[in-house]
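Enquirer: So here's query.cif, just mmCIF, C-alpha atoms and all ligand atoms:
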```
data_model
#
loop_
_atom_site.label_atom_id
_atom_site.label_comp_id
_atom_site.auth_asym_id
_atom_site.auth_seq_id
_atom_site.Cartn_x
_atom_site.Cartn_y
_atom_site.Cartn_z
CA MET A 1 0.00 0.00 0.00
CA THR A 2 1.48 3.36 -0.98
CA THR A 3 0.10 6.70 0.09
CA SER A 4 1.74 10.11 0.06
CA ARG A 5 1.23 10.66 3.79
CA THR A 6 2.27 8.55 6.76
CA GLN A 7 -0.46 6.17 7.76
CA GLY A 8 -2.01 6.31 11.19
CA PHE A 9 -1.60 3.60 13.80
CA SER A 10 -5.08 2.08 13.33
CA THR A 11 -4.56 1.80 9.57
CA LYS A 12 -1.22 0.05 10.10
CA CYS A 13 -2.85 -2.35 12.57
CA ILE A 14 -5.19 -3.50 9.84
CA HIS A 15 -3.18 -3.25 6.62
CA ALA A 16 0.56 -3.54 7.38
CA GLY A 17 1.99 -6.86 6.24
CA GLU A 18 -1.30 -7.89 4.63
CA PRO A 19 -1.36 -7.89 0.83
CA LEU A 20 -4.32 -9.61 -0.82
CA ASP A 21 -3.51 -13.28 -1.09
CA ALA A 22 -3.21 -15.02 -4.48
CA ASN A 23 -6.81 -16.25 -4.28
CA GLY A 24 -8.18 -12.88 -3.20
CA GLY A 25 -8.35 -13.89 0.46
CA ILE A 26 -8.90 -10.68 2.39
CA HIS A 27 -6.21 -11.66 4.91
CA PRO A 28 -3.05 -13.72 4.39
CA PRO A 29 -3.73 -17.45 4.74
CA LEU A 30 -2.25 -19.67 7.43
CA TYR A 31 0.77 -21.67 6.25
CA ASN A 32 1.21 -24.30 8.95
CA HIS A 33 3.83 -26.08 6.81
CA SER A 34 7.18 -26.90 8.37
CA THR A 35 8.96 -26.83 5.00
CA PHE A 36 8.58 -25.40 1.48
CA GLY A 37 9.34 -26.93 -1.92
CA PHE A 38 11.46 -25.71 -4.85
CA ARG A 39 11.35 -26.27 -8.63
CA SER A 40 15.12 -26.51 -9.03
CA THR A 41 18.45 -26.64 -7.25
CA LYS A 42 19.16 -23.13 -8.49
CA ASP A 43 15.98 -21.87 -6.77
CA VAL A 44 16.85 -23.50 -3.45
CA LEU A 45 20.41 -22.11 -3.57
CA ASP A 46 19.10 -18.61 -4.30
CA VAL A 47 17.19 -18.70 -1.02
CA VAL A 48 19.85 -20.50 1.04
CA GLU A 49 22.56 -18.10 -0.20
CA GLY A 50 20.40 -15.02 0.34
CA ARG A 51 19.97 -13.87 -3.30
CA ALA A 52 16.21 -14.32 -3.17
CA GLN A 53 13.70 -13.89 -0.37
CA GLY A 54 11.85 -17.17 -0.25
CA ASN A 55 10.23 -19.69 2.01
CA LEU A 56 12.35 -22.56 3.22
CA TYR A 57 11.82 -23.87 6.73
CA THR A 58 9.51 -22.59 9.46
CA ARG A 59 11.98 -22.82 12.37
CA TYR A 60 14.16 -20.30 10.48
CA GLY A 61 11.23 -17.89 10.20
CA LEU A 62 11.19 -18.38 6.41
CA ASN A 63 7.43 -18.87 6.34
CA PRO A 64 4.90 -16.41 4.84
CA THR A 65 2.60 -16.36 7.89
CA ILE A 66 5.51 -15.55 10.20
CA ARG A 67 6.85 -12.87 7.84
CA SER A 68 3.44 -11.27 7.49
CA VAL A 69 2.96 -10.71 11.22
CA GLU A 70 6.58 -9.55 11.54
CA GLU A 71 6.00 -6.89 8.91
CA LYS A 72 2.93 -5.69 10.81
CA ILE A 73 4.78 -5.55 14.16
CA ALA A 74 7.72 -3.66 12.60
CA ALA A 75 5.29 -1.07 11.19
CA LEU A 76 3.53 -0.67 14.55
CA GLU A 77 6.80 -0.04 16.44
CA GLY A 78 8.20 2.14 13.66
CA GLY A 79 11.19 -0.21 13.24
CA GLU A 80 12.96 -1.52 10.14
CA LEU A 81 12.48 -5.16 11.05
CA ALA A 82 10.71 -7.35 13.61
CA TRP A 83 11.26 -10.96 14.54
CA VAL A 84 8.77 -13.06 16.46
CA PHE A 85 9.52 -15.74 19.05
CA SER A 86 7.76 -18.53 20.93
CA SER A 87 7.47 -16.27 24.02
CA GLY A 88 8.56 -12.95 25.47
CA MET A 89 11.28 -14.75 27.45
CA ALA A 90 12.55 -16.37 24.22
CA ALA A 91 12.87 -12.91 22.65
CA GLU A 92 14.77 -11.64 25.69
CA SER A 93 17.12 -14.60 26.05
CA ALA A 94 18.03 -14.63 22.34
CA THR A 95 18.77 -10.90 22.48
CA PHE A 96 20.98 -11.12 25.58
CA LEU A 97 22.86 -14.15 24.21
CA ALA A 98 23.36 -12.48 20.83
CA TYR A 99 24.95 -9.42 22.38
CA CYS A 100 26.77 -10.80 25.43
CA LYS A 101 29.42 -13.49 25.78
CA ALA A 102 31.15 -14.82 28.91
CA GLY A 103 32.71 -11.89 30.76
CA ASP A 104 30.24 -9.33 29.42
CA HIS A 105 27.88 -7.28 31.53
CA ILE A 106 24.27 -6.03 31.51
CA VAL A 107 22.67 -3.19 33.46
CA CYS A 108 19.01 -3.67 34.38
CA ILE A 109 17.10 -0.63 35.64
CA GLY A 110 14.00 -0.67 37.83
CA ASP A 111 11.50 -3.46 38.44
CA VAL A 112 11.34 -6.11 35.78
CA TYR A 113 9.18 -9.13 35.03
CA GLY A 114 9.93 -12.08 37.36
CA GLY A 115 11.23 -14.27 34.52
CA THR A 116 13.59 -11.51 33.37
CA PHE A 117 14.87 -11.12 36.94
CA GLU A 118 15.60 -14.85 37.07
CA LEU A 119 17.20 -14.94 33.60
CA LEU A 120 19.53 -12.05 34.43
CA GLY A 121 20.14 -12.99 38.07
CA LYS A 122 20.48 -16.80 37.82
CA ASN A 123 20.65 -18.26 34.29
CA LEU A 124 22.97 -15.84 32.51
CA PRO A 125 25.52 -15.72 35.39
CA ALA A 126 25.84 -19.51 34.91
CA VAL A 127 27.35 -18.82 31.47
CA GLY A 128 29.49 -15.92 32.70
CA ILE A 129 27.19 -12.98 31.85
CA THR A 130 26.57 -10.76 34.88
CA THR A 131 24.00 -8.04 35.59
CA THR A 132 24.00 -4.99 37.83
CA PHE A 133 20.48 -4.12 39.04
CA LEU A 134 19.86 -0.41 39.50
CA LEU A 135 16.69 1.02 41.08
CA GLY A 136 14.80 3.59 39.04
CA SER A 137 15.55 6.11 41.79
CA GLU A 138 19.30 5.50 41.31
CA LEU A 139 19.41 6.66 37.68
CA ASP A 140 22.13 9.23 38.46
CA ARG A 141 24.50 6.29 39.02
CA LEU A 142 23.96 4.88 35.50
CA PRO A 143 27.13 6.39 33.96
CA ASP A 144 29.19 4.87 36.80
CA VAL A 145 27.76 1.34 36.67
CA ILE A 146 28.24 1.00 32.89
CA THR A 147 31.68 -0.60 32.44
CA PRO A 148 33.72 -1.21 29.27
CA LYS A 149 32.22 -4.74 29.39
CA THR A 150 28.60 -3.52 29.44
CA ARG A 151 26.84 -4.48 26.22
CA VAL A 152 23.18 -3.89 27.11
CA VAL A 153 21.14 -1.54 29.31
CA PHE A 154 17.71 -3.10 29.77
CA PHE A 155 14.51 -1.80 31.35
CA GLU A 156 10.71 -1.79 31.21
CA THR A 157 8.56 1.31 31.43
CA PRO A 158 6.05 1.52 33.05
CA THR A 159 7.43 -1.10 35.44
CA ASN A 160 5.73 -4.00 37.14
CA PRO A 161 4.13 -3.64 39.68
CA ASN A 162 5.04 -0.10 40.79
CA MET A 163 4.13 1.46 37.41
CA GLU A 164 7.34 3.47 37.74
CA VAL A 165 8.03 5.56 34.62
CA LEU A 166 11.63 5.60 33.35
CA ASP A 167 12.90 8.32 31.01
CA ILE A 168 13.74 6.45 27.78
CA GLU A 169 15.43 9.40 26.07
CA ARG A 170 17.67 10.16 29.04
CA ILE A 171 18.74 6.53 29.56
CA ALA A 172 19.34 5.98 25.82
CA LYS A 173 21.56 9.07 25.65
CA VAL A 174 23.81 7.94 28.50
CA THR A 175 23.92 4.36 27.19
CA ARG A 176 24.88 5.48 23.67
CA THR A 177 27.81 7.64 24.84
CA LYS A 178 29.09 4.56 26.71
CA GLY A 179 28.85 2.38 23.59
CA ALA A 180 26.18 -0.03 24.87
CA LEU A 181 22.71 -0.88 23.49
CA THR A 182 19.46 0.37 25.00
CA VAL A 183 16.86 -2.41 25.02
CA VAL A 184 13.33 -1.53 26.19
CA ASP A 185 10.59 -3.98 27.11
CA ASN A 186 7.49 -2.18 25.78
CA THR A 187 4.97 -4.84 26.84
CA PHE A 188 3.04 -2.75 29.40
CA ALA A 189 2.86 0.40 27.26
CA THR A 190 2.14 -1.24 23.85
CA PRO A 191 3.34 0.33 20.57
CA MET A 192 0.13 2.38 20.54
CA ASN A 193 1.04 4.31 23.71
CA GLN A 194 4.83 4.49 23.47
CA SER A 195 7.51 4.31 20.73
CA PRO A 196 10.90 3.63 22.35
CA LEU A 197 12.75 3.51 19.00
CA GLN A 198 11.71 7.12 18.30
CA LEU A 199 13.07 8.07 21.74
CA GLY A 200 16.52 6.63 21.06
CA ALA A 201 16.20 2.96 22.09
CA ASP A 202 18.09 0.47 19.91
CA LEU A 203 15.84 -2.55 20.33
CA VAL A 204 12.29 -3.03 21.59
CA ILE A 205 11.08 -6.29 23.11
CA HIS A 206 7.50 -7.49 23.58
CA SER A 207 5.76 -10.30 25.27
CA THR A 208 3.02 -10.53 22.63
CA THR A 209 1.27 -12.81 25.12
CA LYS A 210 -0.10 -9.64 26.73
CA TYR A 211 -1.72 -6.63 24.99
CA MET A 212 -0.62 -7.51 21.47
CA GLY A 213 -2.31 -10.92 21.71
CA GLY A 214 -4.93 -9.32 23.91
CA HIS A 215 -7.21 -12.31 24.52
CA SER A 216 -5.15 -14.51 26.89
CA ASP A 217 -5.10 -17.25 24.26
CA LEU A 218 -1.58 -17.14 22.81
CA THR A 219 2.06 -17.04 23.96
CA GLY A 220 4.66 -15.19 21.94
CA GLY A 221 7.38 -12.55 21.81
CA ALA A 222 8.99 -10.07 19.45
CA VAL A 223 12.15 -8.01 18.97
CA ILE A 224 12.07 -4.88 16.80
CA GLY A 225 14.85 -2.61 15.54
CA LYS A 226 17.30 -1.83 12.74
CA LYS A 227 18.21 -4.69 10.38
CA GLU A 228 21.87 -4.60 11.36
CA LEU A 229 20.98 -4.88 15.06
CA LEU A 230 18.62 -7.81 14.54
CA GLY A 231 21.25 -9.64 12.47
CA PRO A 232 23.21 -11.17 15.36
CA ILE A 233 19.97 -12.47 16.96
CA TRP A 234 19.02 -14.57 13.90
CA GLY A 235 21.20 -17.60 14.61
CA TRP A 236 20.21 -17.75 18.29
CA ARG A 237 16.49 -17.81 17.53
CA LYS A 238 17.04 -20.42 14.83
CA ASN A 239 19.31 -22.76 16.78
CA LEU A 240 17.73 -22.39 20.21
CA GLY A 241 14.53 -23.32 18.34
CA GLN A 242 12.57 -20.31 19.56
CA MET A 243 10.31 -19.74 16.55
CA MET A 244 6.68 -18.76 17.03
CA ALA A 245 4.34 -21.42 15.62
CA PRO A 246 2.58 -20.32 12.37
CA ASP A 247 -0.92 -20.78 13.84
CA VAL A 248 0.09 -18.54 16.74
CA ALA A 249 1.40 -15.95 14.26
CA PHE A 250 -1.91 -16.12 12.40
CA LEU A 251 -3.87 -15.60 15.64
CA LEU A 252 -1.53 -12.77 16.66
CA ALA A 253 -2.10 -10.99 13.33
CA ARG A 254 -5.84 -11.24 13.89
CA SER A 255 -5.44 -9.74 17.38
CA LEU A 256 -3.24 -6.89 16.14
CA ARG A 257 -5.93 -5.71 13.72
CA THR A 258 -7.91 -4.54 16.78
CA LEU A 259 -4.93 -3.36 18.86
CA ALA A 260 -5.75 0.34 18.44
CA VAL A 261 -9.40 0.06 19.50
CA ARG A 262 -8.56 -2.26 22.37
CA VAL A 263 -5.74 -0.11 23.77
CA ARG A 264 -7.82 3.06 23.42
CA ALA A 265 -10.48 1.41 25.61
CA HIS A 266 -7.89 0.06 28.09
CA ASN A 267 -6.51 3.61 28.43
CA VAL A 268 -9.94 5.07 29.26
CA THR A 269 -10.80 2.37 31.79
CA GLY A 270 -7.32 2.43 33.39
CA GLN A 271 -7.59 6.17 33.97
CA PHE A 272 -11.14 5.88 35.34
CA ILE A 273 -10.29 3.06 37.79
CA ALA A 274 -7.05 4.73 38.93
CA GLU A 275 -8.84 8.03 39.67
CA ARG A 276 -11.57 6.26 41.66
CA LEU A 277 -9.04 4.19 43.62
CA ALA A 278 -6.94 7.27 44.42
CA LYS A 279 -9.98 8.83 46.13
CA HIS A 280 -11.02 5.72 48.08
CA PRO A 281 -10.45 5.98 51.88
CA ARG A 282 -8.99 2.45 52.16
CA VAL A 283 -6.38 3.08 49.45
CA LYS A 284 -3.06 4.47 50.71
CA ARG A 285 -1.59 4.96 47.24
CA ALA A 286 -2.69 4.38 43.64
CA ASN A 287 0.03 3.90 41.02
CA TYR A 288 -0.87 4.98 37.50
CA PRO A 289 1.14 7.14 35.06
CA GLY A 290 -2.01 9.09 34.15
CA LEU A 291 -2.62 10.40 37.69
CA PRO A 292 -1.47 14.06 37.82
CA ASN A 293 0.20 13.66 41.25
CA PHE A 294 1.92 10.35 40.37
CA ALA A 295 5.74 10.58 40.54
CA GLY A 296 6.30 9.63 36.89
CA HIS A 297 3.44 11.66 35.42
CA GLU A 298 5.55 14.43 33.84
CA ILE A 299 7.86 11.98 32.05
CA ALA A 300 4.86 9.83 31.08
CA LYS A 301 3.16 12.84 29.48
CA ARG A 302 6.29 13.43 27.37
CA GLN A 303 6.91 9.87 26.22
CA MET A 304 3.46 8.22 26.25
CA SER A 305 0.33 9.05 24.26
CA GLY A 306 -1.89 6.97 26.56
CA PHE A 307 -1.32 5.42 29.98
CA GLY A 308 -2.64 1.89 29.55
CA GLY A 309 -4.82 -0.50 31.51
CA MET A 310 -2.40 -1.51 34.26
CA VAL A 311 -3.06 0.00 37.70
CA SER A 312 -1.61 -0.94 41.07
CA PHE A 313 -2.58 0.27 44.53
CA VAL A 314 -1.64 -0.21 48.17
CA LEU A 315 -4.33 -0.98 50.73
CA ASP A 316 -4.30 0.13 54.35
CA GLY A 317 -4.24 -3.54 55.49
CA ASP A 318 -1.79 -6.45 55.92
CA ALA A 319 -1.32 -9.39 53.52
CA ALA A 320 -4.36 -11.28 54.85
CA ALA A 321 -6.70 -8.26 54.73
CA THR A 322 -5.52 -7.56 51.20
CA ALA A 323 -6.09 -11.17 50.15
CA ALA A 324 -9.62 -10.91 51.54
CA VAL A 325 -10.32 -7.92 49.27
CA VAL A 326 -8.86 -9.74 46.26
CA ASP A 327 -10.93 -12.84 47.06
CA ARG A 328 -14.17 -10.79 47.14
CA LEU A 329 -13.70 -9.55 43.56
CA ARG A 330 -16.02 -11.18 41.03
CA LEU A 331 -15.25 -9.54 37.67
CA PHE A 332 -11.48 -9.45 38.20
CA THR A 333 -10.11 -13.00 38.01
CA ILE A 334 -7.07 -13.90 40.14
CA ALA A 335 -4.34 -14.61 37.59
CA PRO A 336 -0.74 -13.49 37.04
CA SER A 337 -0.97 -12.33 33.40
CA LEU A 338 -2.27 -9.09 31.88
CA GLY A 339 -3.38 -7.28 28.76
CA GLY A 340 -6.41 -9.38 27.84
CA VAL A 341 -10.03 -8.39 27.23
CA GLU A 342 -10.94 -9.80 30.66
CA SER A 343 -9.89 -8.01 33.86
CA LEU A 344 -7.32 -9.74 36.06
CA VAL A 345 -6.05 -9.12 39.58
CA THR A 346 -2.96 -10.25 41.44
CA GLN A 347 -1.35 -9.56 44.80
CA PRO A 348 2.32 -9.32 43.71
CA ILE A 349 3.67 -10.96 46.90
CA THR A 350 1.64 -14.10 46.10
CA THR A 351 2.70 -14.40 42.45
CA THR A 352 5.17 -12.25 40.51
CA HIS A 353 7.21 -11.23 43.61
CA HIS A 354 6.57 -14.33 45.77
CA ASP A 355 10.22 -15.36 45.73
CA VAL A 356 11.68 -11.89 46.28
CA SER A 357 13.16 -11.50 49.79
CA LYS A 358 11.43 -9.26 52.35
CA GLU A 359 14.36 -6.81 52.30
CA ASP A 360 14.35 -6.61 48.52
CA ARG A 361 10.58 -6.11 48.47
CA ALA A 362 10.95 -3.26 50.97
CA ARG A 363 13.76 -1.73 48.89
CA ARG A 364 11.53 -1.94 45.82
CA GLY A 365 8.39 -0.61 47.53
CA ILE A 366 6.39 -3.82 47.07
CA ASP A 367 4.04 -3.76 50.06
CA ASP A 368 2.06 -6.66 51.52
CA GLY A 369 -1.00 -4.52 50.78
CA MET A 370 -0.21 -4.08 47.09
CA VAL A 371 -2.73 -5.17 44.46
CA ARG A 372 -2.15 -5.10 40.70
CA LEU A 373 -5.03 -4.80 38.26
CA SER A 374 -5.12 -5.46 34.54
CA CYS A 375 -8.24 -3.50 33.56
CA GLY A 376 -10.00 -5.31 30.73
CA LEU A 377 -12.67 -4.25 28.29
CA GLU A 378 -15.74 -4.76 30.50
CA ASP A 379 -17.82 -1.64 31.28
CA ALA A 380 -15.69 0.56 33.52
CA GLU A 381 -18.66 1.23 35.85
CA ASP A 382 -19.09 -2.53 36.38
CA LEU A 383 -15.41 -2.91 37.22
CA TRP A 384 -15.57 -0.05 39.71
CA ALA A 385 -18.74 -1.47 41.31
CA ASP A 386 -16.88 -4.78 41.76
CA LEU A 387 -13.87 -3.02 43.34
CA GLU A 388 -16.01 -0.84 45.58
CA ALA A 389 -17.95 -3.82 46.89
CA ALA A 390 -14.72 -5.75 47.55
CA LEU A 391 -13.14 -2.78 49.34
CA GLY A 392 -16.26 -2.06 51.40
C1 LIG A 401 4.92 -11.52 30.54
C2 LIG A 401 6.06 -10.61 30.40
C3 LIG A 401 7.28 -11.07 29.89
C4 LIG A 401 7.51 -12.51 29.51
O1 LIG A 401 6.71 -12.89 28.47
P1 LIG A 401 6.25 -14.41 28.15
O2 LIG A 401 5.49 -14.26 26.90
O3 LIG A 401 5.45 -14.89 29.32
O4 LIG A 401 7.51 -15.19 28.00
C5 LIG A 401 8.30 -10.15 29.73
N1 LIG A 401 8.14 -8.85 30.07
C6 LIG A 401 6.98 -8.38 30.58
C7 LIG A 401 6.85 -6.94 30.91
C8 LIG A 401 5.90 -9.25 30.75
O5 LIG A 401 4.76 -8.77 31.26
#
```
Go through the file and emit its structure as structure tokens.
Ligand SMILES: *Cc1c(COP(=O)(O)O)cnc(C)c1O

Expert:
Amino acid sequence: MTTSRTQGFSTKCIHAGEPLDANGGIHPPLYNHSTFGFRSTKDVLDVVEGRAQGNLYTRYGLNPTIRSVEEKIAALEGGELAWVFSSGMAAESATFLAYCKAGDHIVCIGDVYGGTFELLGKNLPAVGITTTFLLGSELDRLPDVITPKTRVVFFETPTNPNMEVLDIERIAKVTRTKGALTVVDNTFATPMNQSPLQLGADLVIHSTTKYMGGHSDLTGGAVIGKKELLGPIWGWRKNLGQMMAPDVAFLLARSLRTLAVRVRAHNVTGQFIAERLAKHPRVKRANYPGLPNFAGHEIAKRQMSGFGGMVSFVLDGDAAATAAVVDRLRLFTIAPSLGGVESLVTQPITTTHHDVSKEDRARRGIDDGMVRLSCGLEDAEDLWADLEAALG
């Protein structure tokens, strides 16, 4: 599709990566095939030796269904190229392994997903790759903790579960002068609300399991960036066998066509629920980038165009009293994931931060009374009625 002006986000959601198929199918068909055939040895060599772009073998990503969704994701993040993976963790591990070898170093800023914390803190040290964890409040120390061995500076924004907002432009600037790569996990924000590549990040990572999939029925990941930066990741994805399955790619493409309308609705409901919670007498603190008195609000206004559906809050009670509130909820289901059409709730100390020590939780501001909500697409008034009843 060629137009003289830049297409809007909603248009890209629907049309990017989706030419009419050979039979006039309105969307690309699903190619579940593991392998693809050739008419001649010359044809197969053209693909194997990179002279022609063709289909070859699905684990390599040389499959039309995979390529179609990758083209869409690249367009949505404003990147040259996107690669999909079997999960968000697969995307992360391939990226770290592609850029770090034994003796190299990573800096991780702020709260990160539990699996990421484990990968950086336990698995990668086993192969000689170490990580320094910096709190978001310690950002001034970033230039000092980056060493000549630092290859990657990694962070999420907003973070889980504090919803802390980290300044992408500022971090990317420091990281670039030190010769390392800025890698941003954009899962919470979505490409609709935040474009890290435009703010100076080198690579963007997604767990497409969350908002991009949006219906809690698929697991996948993606890495987006310049061609030359994705290059080194290719062999790791291929040989660690981390390819997204074609039927998952097909389902993900279907989900992405409604990403704009879904995220717009998540943004409205997130704001509504956060404002109500902030005014409730039993709530000590509500964490949401869209609240004017929230610590990260000014940065969020600069780097986000919407504030999303994730809200956390701290109750005036202990762990048991908080669990009682969570257990009284009817529309919010107790589950550790996020980003789907249905609303979910979790008490971080029982799930995502269960294995974090008491001291580390205190250092990171993760209270016993903390509750994390993923606001879904139900009527916002119904969600608030559920919360109010549970709090009362
Ligand atoms: C869920 C999640 C991941 C991991 O993704 P999987 O698809 O479960 O592997 C990484 N980062 C963030 C922010 C997440 O929420």

Enquirer: Of the candidates A:Cys100, A:Leu20, A:Val223, A:Ala385, which shows the shortest atom-to-atom distance to ligand LIG 401 (chain A), using all atoms listed in the file?

Expert: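 With all atoms listed in the file as the atom set, the closest residue is A:Val223.
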
Enquirer: Counting only C-alpha atoms and all ligand atoms, which residues of chain A sit at most 10 Å from some atom of ligand LIG 401 (chain A), and what is each one's closest atom pair with its distance in Å to one decimal, listed by chain and rising residue number, as a Markdown table?

Expert:
```
| residue | atom | partner | partner_atom | distance |
| --- | --- | --- | --- | --- |
| A:Phe85 | CA | A:LIG401 | O2 | 8.9 |
| A:Ser86 | CA | A:LIG401 | O2 | 7.7 |
| A:Ser87 | CA | A:LIG401 | O2 | 4.0 |
| A:Gly88 | CA | A:LIG401 | O1 | 3.5 |
| A:Met89 | CA | A:LIG401 | O4 | 3.8 |
| A:Ala90 | CA | A:LIG401 | O4 | 6.4 |
| A:Ala91 | CA | A:LIG401 | O4 | 7.9 |
| A:Glu92 | CA | A:LIG401 | C5 | 7.8 |
| A:Ser93 | CA | A:LIG401 | O4 | 9.8 |
| A:Asp111 | CA | A:LIG401 | C7 | 9.5 |
| A:Val112 | CA | A:LIG401 | C7 | 6.7 |
| A:Tyr113 | CA | A:LIG401 | C6 | 5.0 |
| A:Gly114 | CA | A:LIG401 | C3 | 8.0 |
| A:Gly115 | CA | A:LIG401 | C4 | 6.5 |
| A:Thr116 | CA | A:LIG401 | C5 | 6.6 |
| A:Phe117 | CA | A:LIG401 | C5 | 9.8 |
| A:Phe155 | CA | A:LIG401 | C7 | 9.2 |
| A:Glu156 | CA | A:LIG401 | C7 | 6.4 |
| A:Thr157 | CA | A:LIG401 | C7 | 8.4 |
| A:Pro158 | CA | A:LIG401 | C7 | 8.8 |
| A:Thr159 | CA | A:LIG401 | C7 | 7.4 |
| A:Asn160 | CA | A:LIG401 | C7 | 7.0 |
| A:Pro161 | CA | A:LIG401 | C7 | 9.8 |
| A:Val184 | CA | A:LIG401 | C7 | 9.7 |
| A:Asp185 | CA | A:LIG401 | C7 | 6.1 |
| A:Asn186 | CA | A:LIG401 | C7 | 7.0 |
| A:Thr187 | CA | A:LIG401 | C7 | 5.0 |
| A:Phe188 | CA | A:LIG401 | C7 | 5.9 |
| A:Ala189 | CA | A:LIG401 | C7 | 9.1 |
| A:Ile205 | CA | A:LIG401 | N1 | 8.0 |
| A:His206 | CA | A:LIG401 | N1 | 6.7 |
| A:Ser207 | CA | A:LIG401 | O1 | 4.2 |
| A:Thr208 | CA | A:LIG401 | O2 | 6.2 |
| A:Thr209 | CA | A:LIG401 | O2 | 4.8 |
| A:Lys210 | CA | A:LIG401 | C1 | 6.6 |
| A:Tyr211 | CA | A:LIG401 | O5 | 9.3 |
| A:Gly213 | CA | A:LIG401 | O2 | 9.9 |
| A:Leu218 | CA | A:LIG401 | O2 | 8.7 |
| A:Thr219 | CA | A:LIG401 | O2 | 5.3 |
| A:Gly220 | CA | A:LIG401 | O2 | 5.1 |
| A:Gly221 | CA | A:LIG401 | O2 | 5.7 |
| A:Ala222 | CA | A:LIG401 | O2 | 9.2 |
| A:Pro336 | CA | A:LIG401 | C1 | 8.8 |
| A:Ser337 | CA | A:LIG401 | C1 | 6.6 |
| A:Leu338 | CA | A:LIG401 | O5 | 7.1 |
| A:Gly339 | CA | A:LIG401 | O5 | 8.6 |
| A:Thr352 | CA | A:LIG401 | O5 | 9.9 |
```

Enquirer: Hey, which of A:Ser305, A:Asn162, A:Asn239, A:Thr182 ends up closest to A:Gly365? Count all atoms listed in the file.

Expert: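 Among the listed residues, A:Asn162 lies closest to A:Gly365.
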
Enquirer: In Å, how far is it from atom CA of A:Thr95 to atom CA of A:Asp217?

Expert: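 Rounded to one decimal, the two atoms are 24.8 Å apart.
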
Enquirer: Using all atoms listed in the file, which protein or nucleic acid residues come within 12 Å of A:Met192? Drop anything in the same chain fewer than 5 positions from it, and give the result as a count of residues only.

Expert: 32

Enquirer: Which is closest to A:Met243 among A:Glu70, A:Asp140, A:Asp21, A:Asp43, if we use all atoms listed in the file?

Expert: A:Glu70

Enquirer: Tell me which protein, DNA and RNA residues are within 7 Å of stretch 342-349 of chain A, counting all atoms listed in the file, leaving out same-chain ones fewer than 4 positions away, and put them as a PyMOL selection string.

Expert: chain A and resi 331-336+338+353-354+368+370-378

Enquirer: Pick from A:Asp144, A:Gly270, A:Phe36, A:Glu18: nearest to A:Asn55, with all atoms listed in the file counted?

Expert: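 Of A:Asp144, A:Gly270, A:Phe36, A:Glu18, the one nearest A:Asn55, counting all atoms listed in the file, is A:Phe36.
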
Enquirer: Point out the residue among A:Ile109, A:Val127, A:Ile168, A:Ala74 with the least atom-to-atom distance to A:Phe96, counting all atoms listed in the file.

Expert: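 Going through A:Ile109, A:Val127, A:Ile168, A:Ala74 one by one, the smallest distance to A:Phe96 is for A:Val127.
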
Enquirer: Can you pull out the residues contacting A:His33? Cut-off 12 Å, using all atoms listed in the file, and skip same-chain residues under 4 positions away; I want them as a count of residues only.

Expert: 16

Enquirer: Point out the residue among A:Gly225, A:Pro289, A:Gly50, A:Pro28 with the least atom-to-atom distance to A:Leu251, counting all atoms listed in the file.

Expert: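 The answer is A:Pro28, which sits nearest to A:Leu251.
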
Enquirer: Considering only C-alpha atoms, return as a list in words whatever protein or nucleic-acid residues lie within 9 Å of A:Leu181, sequence-local ones (same chain, fewer than 6 positions apart) excluded.

Expert: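 Close residues of A:Leu181: Tyr99, Thr150, Arg151, Val152, Val153, Phe154, Ala172, Thr175, Ala201, Asp202 and Leu203 of chain A.
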
Enquirer: With C-alpha atoms kept, could you save the residues just selected as a CSV table (one decimal), keeping the file's coordinate frame?

Expert:
```csv
chain,number,residue,atom,x,y,z
A,99,TYR,CA,25.0,-9.4,22.4
A,150,THR,CA,28.6,-3.5,29.4
A,151,ARG,CA,26.8,-4.5,26.2
A,152,VAL,CA,23.2,-3.9,27.1
A,153,VAL,CA,21.1,-1.5,29.3
A,154,PHE,CA,17.7,-3.1,29.8
A,172,ALA,CA,19.3,6.0,25.8
A,175,THR,CA,23.9,4.4,27.2
A,201,ALA,CA,16.2,3.0,22.1
A,202,ASP,CA,18.1,0.5,19.9
A,203,LEU,CA,15.8,-2.6,20.3
```

Enquirer: Provide the atom CA of A:Pro148 to atom CA of A:Lys178 distance in Å, to one decimal place.

Expert: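 For atom CA of A:Pro148 relative to atom CA of A:Lys178, the distance reads 7.8 Å.
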